[in-house]
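Structure record follows, encoded as structure tokens.
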Amino acid sequence: MLRLHWARTIFWTAAALLLLSLLLPLVVEVNSWQEKITAALSRELGRPVRTGQIRLQLLGGLGFEIQNVVVGEDPRFGIEPFARMESLQARVRLRSLWQERMQFSSLVFVRPSLNVVLNGDGHWNLESLGESLGESLGAVDGGPASSMPETERMEAASAEEPLPAFPPFRSLPEIRVDSGRINFKSQNQKKVYVIDALDLELRPPSSTGEPWKLWFEGTPNRTDFPLRPVSRVRGEAEFGPLDFDSGIYAETGTPLRLDLTAENALLGDLLKVFTGTDYGMHGVLNFRLRLTGTTSLLRLTGEAGVEDLHRWDLSPPAIASTLRAEIAGILDVEGESLQLTSIAVPLADGAVVIRGEIATLFHDPQPGWSAQFRRVPLAAIMDIVKQFTPDLDTPLLAEGVVDGRIHMEDSARNWVGSLSLTEGVDEEKRSGQIVRFAARFPQLMCLLVSSIQSFHASN
């Protein structure tokens, strides 16, 4: 009986607390605190903040749900707001209730639109997020600078204080983004690339020697091409002070490690997003990439695999196979270029090694590629070719190995170079005719076919 009594007591106490947490926010008016809450958000984010209606929240901890929030931008990165969101959920740091200032333990941005900006000096606006600009002018609550409008304080601070190398570890609470969107800008020019349906968590360091930690998942997209991609990319990053001198940051950027992964992404989706062109390719892409270095220059390593590769209007291969690649390169963020030192694609006992550079990477990518064939079996190439043309629907005898090098000239449709076929033949078993390909097939394979035909003509 005693146990039953205690169980009932616990149940009704919990029910009463739950009911109180649901009803109290409906009857308690907190909009009178709006100025104090808004000032606290501005302090925490290092940006001027505008807020709408505010409601008290008790479930999950003491906090507020704030409607129609606009977070202004650091003047060093432009005048467009850093963020606009439908609502912001702010959890109060309980110990701050006994202090002079209100502080928050976590902030949740609900369906925000965020602008990530790279300015002319090679700095990102995220680097100053959380910078206490009011305090840098000696402003404390009730102090001489605290009476200045927030925008004036931001402008004055930007004129007197250099941009920090990374956000101070005490400045920011944990930040989460639910169903957001990131727009990218270089100085005042908006890029076509965006990340939609973004879920993100940013965790500040607990001490001065630790890095920031970031987790995110989103759908890459672009604004100048009508498409609705569904492929998701996940990322995990660490960035921050580590053990370097702050003077190094001013020249090289903030240390950064970023891991990117995608599982069962659609190759056609990502090609359309990256190039703005529909190549009519179907394939399932998986990759793991790591970028290490600084926010201005990063070393890229990783691996990728494509399954079920074929032209979208043709049937998939009867026997599923995977094309794999080992990737290495250098990403120059300030120069907006990607130098691919090697994309090695093994094919049976040989390999195709692709190298090149993609200029104007974040706006209008301009690739310059070269491909080296190293003893690639002709049969392995034909297995791929058959997935992109209906003209190879008969059994083939394809023997020999292909060597040589070709490269792009002027455009992605124009390839020049030389390929050689040794130790082999290429003919239909029944007719003895030379294999020919449709004109729609990519120029790279057409060039390969030309070399094969020349081989037959000379024999």
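In the structure tokens, chains take letters A, B, ... by order of appearance, with residues numbered from 1 within each chain and ligands from 1 in the order shown.
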Range 168-227 of chain A near range 118-133 of chain A within 12 Å: what's each residue's closest atom pair and its distance in Å to one decimal, counting only C-alpha atoms, ordered by chain then ascending residue number, as a tab-separated table?
residue	atom	partner	partner_atom	distance
A:Pro168	CA	A:Glu131	CA	6.5
A:Phe169	CA	A:Gly130	CA	8.7
A:Arg170	CA	A:Gly130	CA	8.6
A:Ser171	CA	A:Gly130	CA	5.2
A:Leu172	CA	A:Gly130	CA	5.4
A:Pro173	CA	A:Gly130	CA	8.9
A:Glu174	CA	A:Gly130	CA	11.2
A:Ile175	CA	A:Gly130	CA	11.1
A:Asn183	CA	A:Leu118	CA	11.5
A:Phe184	CA	A:Leu118	CA	8.2
A:Lys185	CA	A:Leu118	CA	6.3
A:Ser186	CA	A:Leu118	CA	4.8
A:Gln187	CA	A:Asn119	CA	4.5
A:Asn188	CA	A:Asn119	CA	8.1
A:Gln189	CA	A:Leu118	CA	9.7
A:Lys190	CA	A:Leu118	CA	10.4
A:Lys191	CA	A:Leu118	CA	10.9
A:Leu202	CA	A:Leu126	CA	11.4
A:Pro204	CA	A:Gly130	CA	10.3
A:Trp212	CA	A:Glu127	CA	11.3
Test item: residues at most 9 Å from range 317-325 of chain A, only C-alpha atoms, excluding those fewer than 4 positions along its chain, as a PyMOL selection string
chain A and resi 302-310+343-347+383+386-387
So, with only C-alpha atoms as the atoms that count, which of A:Ala39, A:Val71, A:Val92, A:Met281 lies closest to Leu58 in chain A?
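Smallest distance to Leu58 in chain A is found for A:Val92.
Counting from CA of Ser206 in chain A, the distance to CA of Gln57 in chain A is 26.1 Å.
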